[in-house]
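To start, the structure under review is shown below, and the notes come after it.
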Amino acid sequence: MMDVASKVLRQVPLTAGYWLLELEAPALAEQAFPGQFVHVRVPGLEQVSLRRPFSIFGAKDGVLKILYKTVGRGTEQMNRLIPGNILQVIGPLGNGFPLEPKGVPVLVGGGYGVAPLCFLASRLSRPGVVLAGGRTADDVLAIEQFESLGWPARVATQDGSRGERGLVTVLLDRELERLKERGEQAELYACGPDGMLRAVGARAIAVGCRGWISLDKHMVCGVGACLACVQNLKREDGTMWIGRVCHDGPIFEAREIVW
Amino acid sequence: MEHVKQQPMRNVDLSVDLGGIRMKNPVTVASGTFGYGQEYAELIDVTRLGAITVKGIRLQAWPGNPLPRHVEVSGGMVNAIGLQGPGVDGFARDYMPFLRGAQVPVIVNIWGTSEDEYAEVARRLSDVEGVAGLELNISCPNVKEGGHAFGTDPRTVASLVAAVRRATRLPLMPKLAPNVPDIRVFVRAAQEAGADALALINTLPAIVIDIETRRPVLANKVGGLSGLAIHPVAVKLVWEAAQAARVPLLAMGGIMGPEQAIEFLIVGATAVAVGTANFIDPSTPLRVLDGIEAYLVKHGMRSVKDLSGSLVCG
C-alpha cells in the first residue's frame, strides 16, 4: 500500500460515458493484484472532497488502468484530466481474487463490473469464459480485451441491442448447464450491481462451486479505519462477523455474504 | 505522498502535557478517523504523532449502524458509523500490541450506555499497559443509548465524569458536545468533577435528504457533520472554552492543514487532532506538525506553549 503522485498518460474513450484512464504508477502497478482497487484523490474537486475508489482494470509495464463511468461530480471532474496532470493514488488496496480455480473460471460482469475481471483474465492460472451484461450495448465493455487474451466472451443486454436480450444470468445458467453436461466443475467470479452479484452467488451455492463476489460499497478511508463500508458476513462454522469491504474484501466467497 | 521528514530546524520545543498525557508534539488524530493506528501505518510514520487516539470502545463488542453510514457534503461529510467496535477486551487483545510497539501515547475513546459501563471500561483500561489516557465520549450524535444523551446536560456530565474519575487514575478527557447554549458551563462541570483535560469539538448533528427519494440519506437519518465546514464553529467554541478552562484543551474540527491547527492553538488549545482530513490525505497530521514547527521558527517562538493562548485582542 502506498500513496503516490501519478501522472495521467491518456484518457481513452470507450462507449458513451465510459472511459479508460491510464496512469504512470510503476511501483503501484508492480504490486497490483486482480480484484484490488485504488483510492483516488481527484484534482480539481474542492480541497475537502473525499477520495474515490476504482477497481484496477490493468497494471502492466508501469501503467495503471482504471475504467470509469461519468456518473457524478468526482468522475466528471476525473474526465477533465489531461495527459501530464498529477493525481494522488493510494493502492493497491483490498484482498484480490484467488488465481488458482478448482474448475473452469466463469467471469460474470455487469456494466463497468468487467473492470477487475479483465485484469483477472490476464492472470488466472487457466482460461475460461467471460459473460458480460449491460442495460444497452453501450454498457458492454472491454470485450475485445478478453478476446485478445483468447477468452470467449458472451454478451447479454436488457434491450437486446448487443448479444442476447435479457440478464447476464441467462448466459450463466446456460454456461453452468454446458459445463455440467461435460462433467466439468465451474468457478465463478463476479463484479457488478448487487442484484447480479446476489444472483451469481446463489448459483454458486446451488451448483456447489466456489463463487468469488466483488462487492461495491461507498467508501471513505479505503484502508479499513473508518468502518463506513461494512458488510455482514458468516464464517464456515456459522458465526457472524462484520467485515470491511475495503480491507477484508472487496472479494468474498458467495457463502460468506449475508445479503 | 511520500512524506519527507524535515530536519529539526532550531531548538523549538514541541512537547506538551495534555492533563498528564505527555506528548512529544501537540498533534494527534481524532477518534474514529484513524482506526486503531495500524490501518494507516503503511501510509504514514505513525510514530511521529504526539499521540494516537483510537476509535470509541465500550464494554462489549458493538455492531454500529446500518448502511449508508456516511455522505459527502460541501466542505466535509456527515457520518453515522454508530461506534462499531470490538469491546474493551477485544481492543486490548487485538489492537494494543501494535500500539504499544509504536511507542506513542495511546488515548482510548470510551463510551457506554450507563455511568457504570463507562466506569467499568475505564477500570479495565487502567490495567492495560500502554494506555496513556481516556477520552470520554459524551457527545456522539449517532447512538441513541449513550454518547450524546450524556453530553447536553451539565449535571449529567458532572455525575458521569465523577463516576469515571472514581474508577481510574488515568488522565481523563471528556469530549464535549458542540451543540449547547454555553460551552463554558460544561467546561466548569467537567473540570470540577475531576477532568484532567477537555476535548472539543465532536461532530455537529446534521441530516442530509435525497431529494429524489425524499428520504434521509443515512440509515440512521441523523449523523455528525465534520470537515472544513465546521472549523470556524470549532474555533469559536475552543476560544470560549479556553476562557473557563483550568485544564488543557485538545482542539479539533476541520483541520485540513497547519493553518487551522495554529488557529486552535492561538485561541487556547494545548494540542490538536486531525480528523476527516486523514481520509483525504493521510499525511495531514505530519504536514500539520511540520507546519506548526515552521510557524514557531518563523515567529521566533521557542515553544509551542508560547503559541497556545497567544490571541491578540483589542
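Chain identifiers are assigned as A, B, and so on, following the order in which chains appear in the C-alpha cells; residues are numbered from 1 within each chain, and ligands are numbered from 1 in order of appearance.
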Give one line per residue of chain B that approaches chain A to at most 10 Å, naming the two atoms of the closest pair and their distance in Å to one decimal, counting only C-alpha atoms; sort by chain then ascending residue number and deliver it as a Markdown table.
```
| residue | atom | partner | partner_atom | distance |
| --- | --- | --- | --- | --- |
| B:Met1 | CA | A:Asp3 | CA | 5.0 |
| B:Glu2 | CA | A:Asp3 | CA | 6.9 |
| B:His3 | CA | A:Asp3 | CA | 9.6 |
| B:Ser31 | CA | A:Cys226 | CA | 9.7 |
| B:Gly32 | CA | A:Cys226 | CA | 6.1 |
| B:Thr33 | CA | A:Cys226 | CA | 5.7 |
| B:Phe34 | CA | A:Ala225 | CA | 5.5 |
| B:Gly35 | CA | A:Ala225 | CA | 4.0 |
| B:Tyr36 | CA | A:Ala225 | CA | 7.2 |
| B:Gly37 | CA | A:Ala225 | CA | 8.2 |
| B:Gln38 | CA | A:Ala225 | CA | 8.7 |
| B:Glu39 | CA | A:Ala225 | CA | 5.8 |
| B:Tyr40 | CA | A:Val223 | CA | 7.2 |
| B:Ala41 | CA | A:Met1 | CA | 9.8 |
| B:Glu42 | CA | A:Met1 | CA | 6.3 |
| B:Leu43 | CA | A:Met2 | CA | 5.9 |
| B:Ile44 | CA | A:Met2 | CA | 9.2 |
| B:Val54 | CA | A:Ala225 | CA | 9.8 |
| B:Lys55 | CA | A:Cys226 | CA | 8.6 |
| B:Pro63 | CA | A:Ile242 | CA | 7.5 |
| B:Gly64 | CA | A:Leu227 | CA | 9.0 |
| B:Asn65 | CA | A:Ala228 | CA | 9.6 |
| B:Pro66 | CA | A:Val230 | CA | 8.8 |
| B:Leu67 | CA | A:Ala228 | CA | 7.6 |
| B:Pro68 | CA | A:Ala228 | CA | 7.5 |
| B:Arg69 | CA | A:Ala228 | CA | 5.5 |
| B:His70 | CA | A:Ala228 | CA | 6.4 |
| B:Val71 | CA | A:His218 | CA | 8.9 |
| B:Glu72 | CA | A:Leu50 | CA | 7.2 |
| B:Val73 | CA | A:Ser49 | CA | 8.3 |
| B:Ser74 | CA | A:Ser49 | CA | 7.8 |
| B:Gly75 | CA | A:Val48 | CA | 5.8 |
| B:Gly76 | CA | A:Val48 | CA | 6.1 |
| B:Met77 | CA | A:Leu50 | CA | 8.4 |
| B:Asn79 | CA | A:Ala228 | CA | 8.2 |
| B:Ala80 | CA | A:Ala228 | CA | 8.6 |
| B:Ile81 | CA | A:Ala228 | CA | 6.3 |
| B:Gly82 | CA | A:Leu227 | CA | 9.4 |
| B:Leu83 | CA | A:Leu227 | CA | 9.0 |
| B:Gln84 | CA | A:Leu227 | CA | 7.5 |
| B:Gly85 | CA | A:Leu227 | CA | 9.3 |
| B:Gly227 | CA | A:Val48 | CA | 7.3 |
| B:Leu228 | CA | A:Val48 | CA | 6.9 |
| B:Ala229 | CA | A:Val48 | CA | 9.2 |
| B:Gly254 | CA | A:Val48 | CA | 9.4 |
| B:Met256 | CA | A:Val48 | CA | 7.8 |
| B:Thr276 | CA | A:Val48 | CA | 8.8 |
| B:Ala277 | CA | A:Val48 | CA | 7.4 |
| B:Asn278 | CA | A:Cys221 | CA | 7.7 |
| B:Phe279 | CA | A:Cys221 | CA | 4.6 |
| B:Ile280 | CA | A:Leu50 | CA | 5.3 |
| B:Asp281 | CA | A:Arg41 | CA | 8.3 |
| B:Pro282 | CA | A:Asp3 | CA | 8.6 |
| B:Ser283 | CA | A:Asp3 | CA | 9.2 |
```
Give the strand (DSSP E) residues of segment 84-305 of chain B, as assigned by DSSP on the backbone, as number ranges by chain. B: 106-110, 131-137, 172-175, 198-200, 204-207, 209-210, 215-216, 222-226, 249-252, 271-274
Which residues are near Val114 of chain A? Cut-off 12 Å, only C-alpha atoms, ignore same chain within fewer than 6 positions. Put them as number ranges by chain. A: 34-35, 55-58, 66-68, 107-108, 120-121, 130-134, 139-146, 153, 155, 189-193, 214
Emit the selected residues as a short mmCIF file (atom, residue, chain, number, x, y, z; two decimals), in the first residue's frame, including N, CA and C atoms.
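So the final result, stored in again.cif, reads:
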```cif
data_model
loop_
_atom_site.label_atom_id
_atom_site.label_comp_id
_atom_site.auth_asym_id
_atom_site.auth_seq_id
_atom_site.Cartn_x
_atom_site.Cartn_y
_atom_site.Cartn_z
N PRO A 34 -5.15 -8.71 -9.33
CA PRO A 34 -6.54 -8.63 -9.82
C PRO A 34 -7.57 -8.65 -8.68
N GLY A 35 -8.54 -7.74 -8.76
CA GLY A 35 -9.58 -7.65 -7.73
C GLY A 35 -9.29 -6.55 -6.74
N SER A 55 -11.80 0.03 -9.18
CA SER A 55 -11.16 -1.26 -9.46
C SER A 55 -9.98 -1.05 -10.39
N ILE A 56 -9.01 -1.92 -10.27
CA ILE A 56 -7.88 -1.87 -11.20
C ILE A 56 -8.23 -2.69 -12.44
N PHE A 57 -8.25 -2.01 -13.58
CA PHE A 57 -8.59 -2.65 -14.86
C PHE A 57 -7.36 -3.34 -15.45
N GLY A 58 -6.22 -2.73 -15.20
CA GLY A 58 -5.00 -3.34 -15.71
C GLY A 58 -3.79 -2.73 -15.03
N ILE A 66 -7.60 2.42 -15.14
CA ILE A 66 -8.87 2.48 -14.41
C ILE A 66 -9.99 2.69 -15.41
N LEU A 67 -11.01 1.84 -15.34
CA LEU A 67 -12.18 2.01 -16.19
C LEU A 67 -13.24 2.72 -15.37
N TYR A 68 -13.79 3.80 -15.88
CA TYR A 68 -14.81 4.51 -15.09
C TYR A 68 -15.92 5.03 -15.97
N LEU A 107 -16.33 -15.86 -15.64
CA LEU A 107 -16.30 -14.48 -15.15
C LEU A 107 -17.60 -13.79 -15.54
N VAL A 108 -18.30 -13.22 -14.56
CA VAL A 108 -19.58 -12.59 -14.83
C VAL A 108 -19.50 -11.11 -14.47
N LEU A 120 -8.16 -9.85 -14.13
CA LEU A 120 -8.17 -11.22 -13.62
C LEU A 120 -7.90 -12.23 -14.75
N ALA A 121 -8.57 -12.03 -15.89
CA ALA A 121 -8.41 -12.97 -17.00
C ALA A 121 -6.95 -13.05 -17.44
N VAL A 130 -15.96 -15.48 -20.37
CA VAL A 130 -16.49 -14.28 -19.72
C VAL A 130 -17.91 -14.01 -20.23
N LEU A 131 -18.77 -13.67 -19.28
CA LEU A 131 -20.15 -13.35 -19.59
C LEU A 131 -20.38 -11.90 -19.18
N ALA A 132 -20.72 -11.06 -20.16
CA ALA A 132 -20.85 -9.63 -19.86
C ALA A 132 -22.28 -9.18 -20.10
N GLY A 133 -22.82 -8.48 -19.12
CA GLY A 133 -24.17 -7.97 -19.24
C GLY A 133 -24.21 -6.47 -19.12
N GLY A 134 -25.28 -5.88 -19.67
CA GLY A 134 -25.45 -4.44 -19.54
C GLY A 134 -26.87 -4.06 -19.92
N ASP A 139 -23.27 -0.30 -22.49
CA ASP A 139 -22.81 -0.76 -21.18
C ASP A 139 -22.01 -2.06 -21.27
N VAL A 140 -21.72 -2.51 -22.46
CA VAL A 140 -20.92 -3.73 -22.64
C VAL A 140 -19.50 -3.29 -23.00
N LEU A 141 -18.55 -3.62 -22.14
CA LEU A 141 -17.22 -3.03 -22.23
C LEU A 141 -16.12 -4.08 -22.31
N ALA A 142 -15.06 -3.70 -22.98
CA ALA A 142 -13.79 -4.43 -22.93
C ALA A 142 -13.86 -5.84 -23.51
N ILE A 143 -14.87 -6.10 -24.33
CA ILE A 143 -15.00 -7.45 -24.91
C ILE A 143 -13.75 -7.80 -25.74
N GLU A 144 -13.23 -6.80 -26.46
CA GLU A 144 -12.06 -7.07 -27.32
C GLU A 144 -10.85 -7.47 -26.47
N GLN A 145 -10.72 -6.87 -25.28
CA GLN A 145 -9.59 -7.21 -24.42
C GLN A 145 -9.65 -8.68 -24.00
N PHE A 146 -10.85 -9.14 -23.66
CA PHE A 146 -11.00 -10.55 -23.27
C PHE A 146 -10.67 -11.44 -24.46
N ALA A 153 -16.13 -14.54 -25.19
CA ALA A 153 -16.99 -13.62 -24.44
C ALA A 153 -18.42 -13.72 -24.96
N VAL A 155 -22.38 -12.13 -24.55
CA VAL A 155 -22.97 -10.84 -24.14
C VAL A 155 -24.48 -10.93 -24.05
N TYR A 189 -16.58 -15.95 -10.83
CA TYR A 189 -16.00 -14.67 -10.40
C TYR A 189 -16.94 -13.58 -10.88
N ALA A 190 -17.40 -12.72 -9.97
CA ALA A 190 -18.41 -11.75 -10.39
C ALA A 190 -18.14 -10.36 -9.85
N CYS A 191 -18.45 -9.37 -10.70
CA CYS A 191 -18.39 -7.98 -10.28
C CYS A 191 -19.47 -7.23 -11.06
N GLY A 192 -20.28 -6.45 -10.34
CA GLY A 192 -21.37 -5.73 -10.99
C GLY A 192 -22.35 -5.25 -9.95
N PRO A 193 -23.58 -4.93 -10.39
CA PRO A 193 -24.56 -4.44 -9.41
C PRO A 193 -24.95 -5.52 -8.40
N SER A 214 -17.17 -9.70 -5.94
CA SER A 214 -16.51 -8.43 -5.66
C SER A 214 -17.57 -7.40 -5.28
#
```
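Of the residues listed (B:Met173, B:Val12, B:Ile209, B:Val121), B:Val121 shows the shortest atom-to-atom separation from Gln60 of chain B; distances use only C-alpha atoms.
Residues of segment 14-98 of chain A assigned to helix (DSSP H, G or I) by DSSP on this structure's backbone: Pro26, Ala27, Leu28, Ala29, Glu30, Gln31, Arg73, Gly74, Thr75, Glu76, Gln77 and Met78 of chain A.
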Would you write out those residues with N, CA and C atoms, as a PDB file, in the first residue's frame?
```pdb
ATOM      1  N   PRO A  26       4.493   3.196 -11.591  1.00  0.00           N
ATOM      2  CA  PRO A  26       5.257   1.946 -11.702  1.00  0.00           C
ATOM      3  C   PRO A  26       5.253   1.087 -10.433  1.00  0.00           C
ATOM      4  N   ALA A  27       5.503   1.706  -9.263  1.00  0.00           N
ATOM      5  CA  ALA A  27       5.608   0.914  -8.040  1.00  0.00           C
ATOM      6  C   ALA A  27       4.262   0.289  -7.692  1.00  0.00           C
ATOM      7  N   LEU A  28       3.222   1.080  -7.879  1.00  0.00           N
ATOM      8  CA  LEU A  28       1.878   0.592  -7.564  1.00  0.00           C
ATOM      9  C   LEU A  28       1.455  -0.517  -8.533  1.00  0.00           C
ATOM     10  N   ALA A  29       1.713  -0.289  -9.809  1.00  0.00           N
ATOM     11  CA  ALA A  29       1.339  -1.270 -10.828  1.00  0.00           C
ATOM     12  C   ALA A  29       2.057  -2.600 -10.607  1.00  0.00           C
ATOM     13  N   GLU A  30       3.290  -2.504 -10.154  1.00  0.00           N
ATOM     14  CA  GLU A  30       4.093  -3.696  -9.888  1.00  0.00           C
ATOM     15  C   GLU A  30       3.446  -4.576  -8.823  1.00  0.00           C
ATOM     16  N   GLN A  31       2.894  -3.934  -7.788  1.00  0.00           N
ATOM     17  CA  GLN A  31       2.300  -4.678  -6.665  1.00  0.00           C
ATOM     18  C   GLN A  31       0.866  -5.114  -6.908  1.00  0.00           C
ATOM     19  N   ARG A  73     -20.079  14.085  -9.600  1.00  0.00           N
ATOM     20  CA  ARG A  73     -19.087  15.156  -9.516  1.00  0.00           C
ATOM     21  C   ARG A  73     -17.653  14.645  -9.658  1.00  0.00           C
ATOM     22  N   GLY A  74     -17.347  13.555  -8.952  1.00  0.00           N
ATOM     23  CA  GLY A  74     -15.979  13.037  -8.931  1.00  0.00           C
ATOM     24  C   GLY A  74     -15.536  12.527 -10.290  1.00  0.00           C
ATOM     25  N   THR A  75     -16.360  11.691 -10.892  1.00  0.00           N
ATOM     26  CA  THR A  75     -15.967  11.104 -12.176  1.00  0.00           C
ATOM     27  C   THR A  75     -16.038  12.136 -13.302  1.00  0.00           C
ATOM     28  N   GLU A  76     -16.946  13.115 -13.184  1.00  0.00           N
ATOM     29  CA  GLU A  76     -16.992  14.159 -14.208  1.00  0.00           C
ATOM     30  C   GLU A  76     -15.712  15.015 -14.164  1.00  0.00           C
ATOM     31  N   GLN A  77     -15.249  15.283 -12.949  1.00  0.00           N
ATOM     32  CA  GLN A  77     -14.004  16.031 -12.815  1.00  0.00           C
ATOM     33  C   GLN A  77     -12.818  15.183 -13.301  1.00  0.00           C
ATOM     34  N   MET A  78     -12.878  13.892 -13.011  1.00  0.00           N
ATOM     35  CA  MET A  78     -11.813  12.990 -13.443  1.00  0.00           C
ATOM     36  C   MET A  78     -11.696  13.014 -14.975  1.00  0.00           C
TER      37      MET A  78
END
```
Within 8 Å of Gly249 of chain A, counting only C-alpha atoms, which residues show up once you throw out same-chain ones fewer than 6 positions away? Write them as a ChimeraX atom specification, please. /A:94-96,214-215,243
Would you mind exporting the chosen residues as a compact mmCIF listing (two decimals), in the first residue's frame, restricted to N, CA and C atoms?
```txt
# COMPACT_ATOMS: atom_id res chain seq x y z
N GLY A 94 -7.17 -3.75 -0.75
CA GLY A 94 -8.10 -4.88 -0.76
C GLY A 94 -7.40 -6.20 -1.00
N ASN A 95 -8.19 -7.29 -0.98
CA ASN A 95 -7.60 -8.63 -0.96
C ASN A 95 -7.34 -9.23 -2.34
N GLY A 96 -8.19 -8.97 -3.33
CA GLY A 96 -7.98 -9.56 -4.65
C GLY A 96 -8.61 -10.94 -4.79
N SER A 214 -17.17 -9.70 -5.94
CA SER A 214 -16.51 -8.43 -5.66
C SER A 214 -17.57 -7.40 -5.28
N LEU A 215 -17.59 -7.01 -4.01
CA LEU A 215 -18.61 -6.07 -3.54
C LEU A 215 -18.21 -4.63 -3.82
N GLY A 243 -17.40 -7.46 8.27
CA GLY A 243 -16.16 -7.21 7.52
C GLY A 243 -16.15 -5.82 6.93
```
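One distance worth recording is that between atom CA of Val272 of chain B and atom CA of Leu225 of chain B, which is 18.2 Å.
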